[in-house]
Amino acid sequence: MNAHDRDIEERTRLAGNNKFELLLFRLGDSPQSGERELYGINVFKVREVLVMPKITELANTHQHMMGVANIRWQLIPVINLPAVVGCTPQKGVSILMVTEFGRTVQGFAVEDVREIVRLDWDQVLPAEGTHAGALVTGIARLDGADPNTRLAQVLDVEQVLRDVTPVSKEEITKDVVGSEPLLPPGTSILVADDSHVARAVIELGLTAMEAPFVMTKTGRQAWDYLDQLGAQAQKEGFKVRDKIAVVLTDLEMPEMDGFTLTKLIKGDARFKGIPVVIHSSLTGSTNENHVKTVGADGYVAKFAPRELAATLRKVLAQSSAPN
């Protein structure tokens with residue numbers, strides 16, 4: 001096993017224990033405080049970090065698109081991340097973070113890269129309710145319970161990418177997702193995703209499918225909802241699967257990640273028979289293989305409504321089939 005594969009295996013083991021690694025970087029002076037705040041991105045999404053290569057400008061692109069870079073014979077679009085966030089670099093943008101997620105490869109120009117820190121997901125609090133903008137999904141407490149802990153903003157790079165490089169999006173209609181009934185009567189889909197843009201797309205898709213759903217913003221919120229429903233089911237004598245037909249969960253979430261949520265569901269007899277589908281921008285064979293080890297029933301990339309509908313129908317059909 002080479003060093004790259006060992007790194008991937010190690011990070012995959014972390015994910016199975018509600019841990020992850022965050023690459024910290026700076027974008028320059030904040031427009032509000034003037035401070036050089038810390039930002040973070042999950043290392044799983046970072047392919048490599050480079051000294052800024054030569055950038056070729058492109059005509060008629062978004063104002064925050066710097067152009068393209070030729071990285072190992074691949075043309076990669078480069079986004080000016082400080083400009084997107086509204087920061088002013090003190091020394092320009094000298095570092096390029098090459099990222100891969102959602103089946104795309106792109107580079108984010110930043111002022112500098114600081115370090116990689118290993119965290120528990122419960123060290124990351126949801127950004128909603130903190131007056132953070134739509135580009136921030138969580139606030140990481142880098143030093144844990146220390147009252148003077150450093151804080152880092154976890155950026156929603158999926159939102160950044162869709163804002164700066166909009167693609168021709170397929171309208172989400174019944175013709176796209178199918179008109180056949182999706183759920184057994186009286187049941188809903190429990191959704192967990194911390195990204196505003198992802199939740200909006202999921203909501204459009206499930207609404208087009210006429211599938212009732214319960215939307216939560218973290219794995220912890222989803223687990224608390226299930227746990228309370230499980231207690232009610234035991235008290236009143238019904239099965240949780242008669243209320244929740246399937247759980248659709250992101251992987252990267254504050255407080256509790258999707259791997260941990262899946263393991264908890266699959267390890268609790270109250271939720272027997274409820275399939276779990278991972279819905280993530282962390283695509284690739286490594287993640288898909290790890291999904292199987294925690295017991296998930298399906299894996300689908302984000303922002304692919306046809307695939308999401310097909311995957312949900314497949315796992316629901318399998319869960320209802322006689323053993």
# chains A, B, ... in the order shown; residues from 1 in each chain; ligands from 1

$ select_by_dssp --residues "region 204-271 of chain A" --states "helix (DSSP H, G or I)" --output "number ranges by chain"
A: 204-208, 219-236, 240-242, 258-266, 269-271

$ residues_around --residues "Tyr39 (chain A)" --least-positions-apart "5" --cutoff "9 Å" --atoms "only C-alpha atoms" --output "PyMOL selection string"
chain A and resi 23-27+151-155

$ write_last_selection --atoms "N, CA and C atoms" --output "tab-separated table (two decimals), in the first residue's frame"
chain	number	residue	atom	x	y	z
A	23	LEU	N	-8.32	21.13	7.22
A	23	LEU	CA	-7.21	21.94	6.73
A	23	LEU	C	-7.54	23.40	6.99
A	24	LEU	N	-6.68	24.07	7.76
A	24	LEU	CA	-6.91	25.46	8.12
A	24	LEU	C	-6.16	26.39	7.17
A	25	PHE	N	-6.82	27.50	6.81
A	25	PHE	CA	-6.20	28.47	5.92
A	25	PHE	C	-6.73	29.86	6.24
A	26	ARG	N	-6.06	30.86	5.70
A	26	ARG	CA	-6.48	32.25	5.87
A	26	ARG	C	-6.77	32.88	4.51
A	27	LEU	N	-7.67	33.86	4.53
A	27	LEU	CA	-8.07	34.54	3.30
A	27	LEU	C	-7.71	36.02	3.31
A	151	LEU	N	-11.19	29.58	16.97
A	151	LEU	CA	-12.36	29.21	16.18
A	151	LEU	C	-12.01	29.25	14.70
A	152	ALA	N	-12.59	28.34	13.94
A	152	ALA	CA	-12.41	28.34	12.49
A	152	ALA	C	-13.77	28.15	11.84
A	153	GLN	N	-14.00	28.89	10.78
A	153	GLN	CA	-15.25	28.79	10.04
A	153	GLN	C	-15.11	27.71	8.95
A	154	VAL	N	-16.01	26.73	8.98
A	154	VAL	CA	-16.00	25.67	7.98
A	154	VAL	C	-16.84	26.15	6.79
A	155	LEU	N	-16.19	26.35	5.66
A	155	LEU	CA	-16.87	26.92	4.51
A	155	LEU	C	-17.68	25.88	3.75

$ select_by_dssp --residues "region 79-129 of chain A" --states "strand (DSSP E or B)" --output "PyMOL selection string"
chain A and resi 79-80+88+95-101+104-110+112-120+124-126

$ closest_residue --among "A:Pro185, A:Val136, A:Phe303, A:Thr61" --to "Ala200 (chain A)" --atoms "only C-alpha atoms"
A:Phe303

$ residues_around --residues "Trp223 (chain A)" --least-positions-apart "5" --cutoff "9 Å" --atoms "only C-alpha atoms" --output "ChimeraX atom specification"
/A:218,228,256,261,264-265

$ write_last_selection --atoms "N, CA, C and O atoms" --output "mmCIF file, in the first residue's frame"
data_model
loop_
_atom_site.group_PDB
_atom_site.id
_atom_site.type_symbol
_atom_site.label_atom_id
_atom_site.label_comp_id
_atom_site.auth_asym_id
_atom_site.auth_seq_id
_atom_site.Cartn_x
_atom_site.Cartn_y
_atom_site.Cartn_z
ATOM 1 N N THR A 218 -28.215 18.455 11.111
ATOM 2 C CA THR A 218 -27.013 17.746 11.570
ATOM 3 C C THR A 218 -27.379 16.296 11.842
ATOM 4 O O THR A 218 -28.558 15.949 12.022
ATOM 5 N N GLN A 228 -36.263 10.003 19.942
ATOM 6 C CA GLN A 228 -37.545 10.375 20.546
ATOM 7 C C GLN A 228 -38.694 9.582 19.925
ATOM 8 O O GLN A 228 -39.609 9.139 20.622
ATOM 9 N N MET A 256 -22.352 15.493 14.606
ATOM 10 C CA MET A 256 -22.312 14.054 14.324
ATOM 11 C C MET A 256 -22.304 13.845 12.820
ATOM 12 O O MET A 256 -23.148 14.401 12.110
ATOM 13 N N LEU A 261 -23.994 8.452 12.394
ATOM 14 C CA LEU A 261 -25.455 8.345 12.405
ATOM 15 C C LEU A 261 -25.888 6.989 11.851
ATOM 16 O O LEU A 261 -26.755 6.317 12.426
ATOM 17 N N LEU A 264 -25.208 4.163 14.336
ATOM 18 C CA LEU A 264 -26.160 4.179 15.453
ATOM 19 C C LEU A 264 -27.504 3.592 15.029
ATOM 20 O O LEU A 264 -28.117 2.806 15.771
ATOM 21 N N ILE A 265 -27.972 3.969 13.851
ATOM 22 C CA ILE A 265 -29.265 3.468 13.372
ATOM 23 C C ILE A 265 -29.203 1.955 13.172
ATOM 24 O O ILE A 265 -30.091 1.210 13.611
#
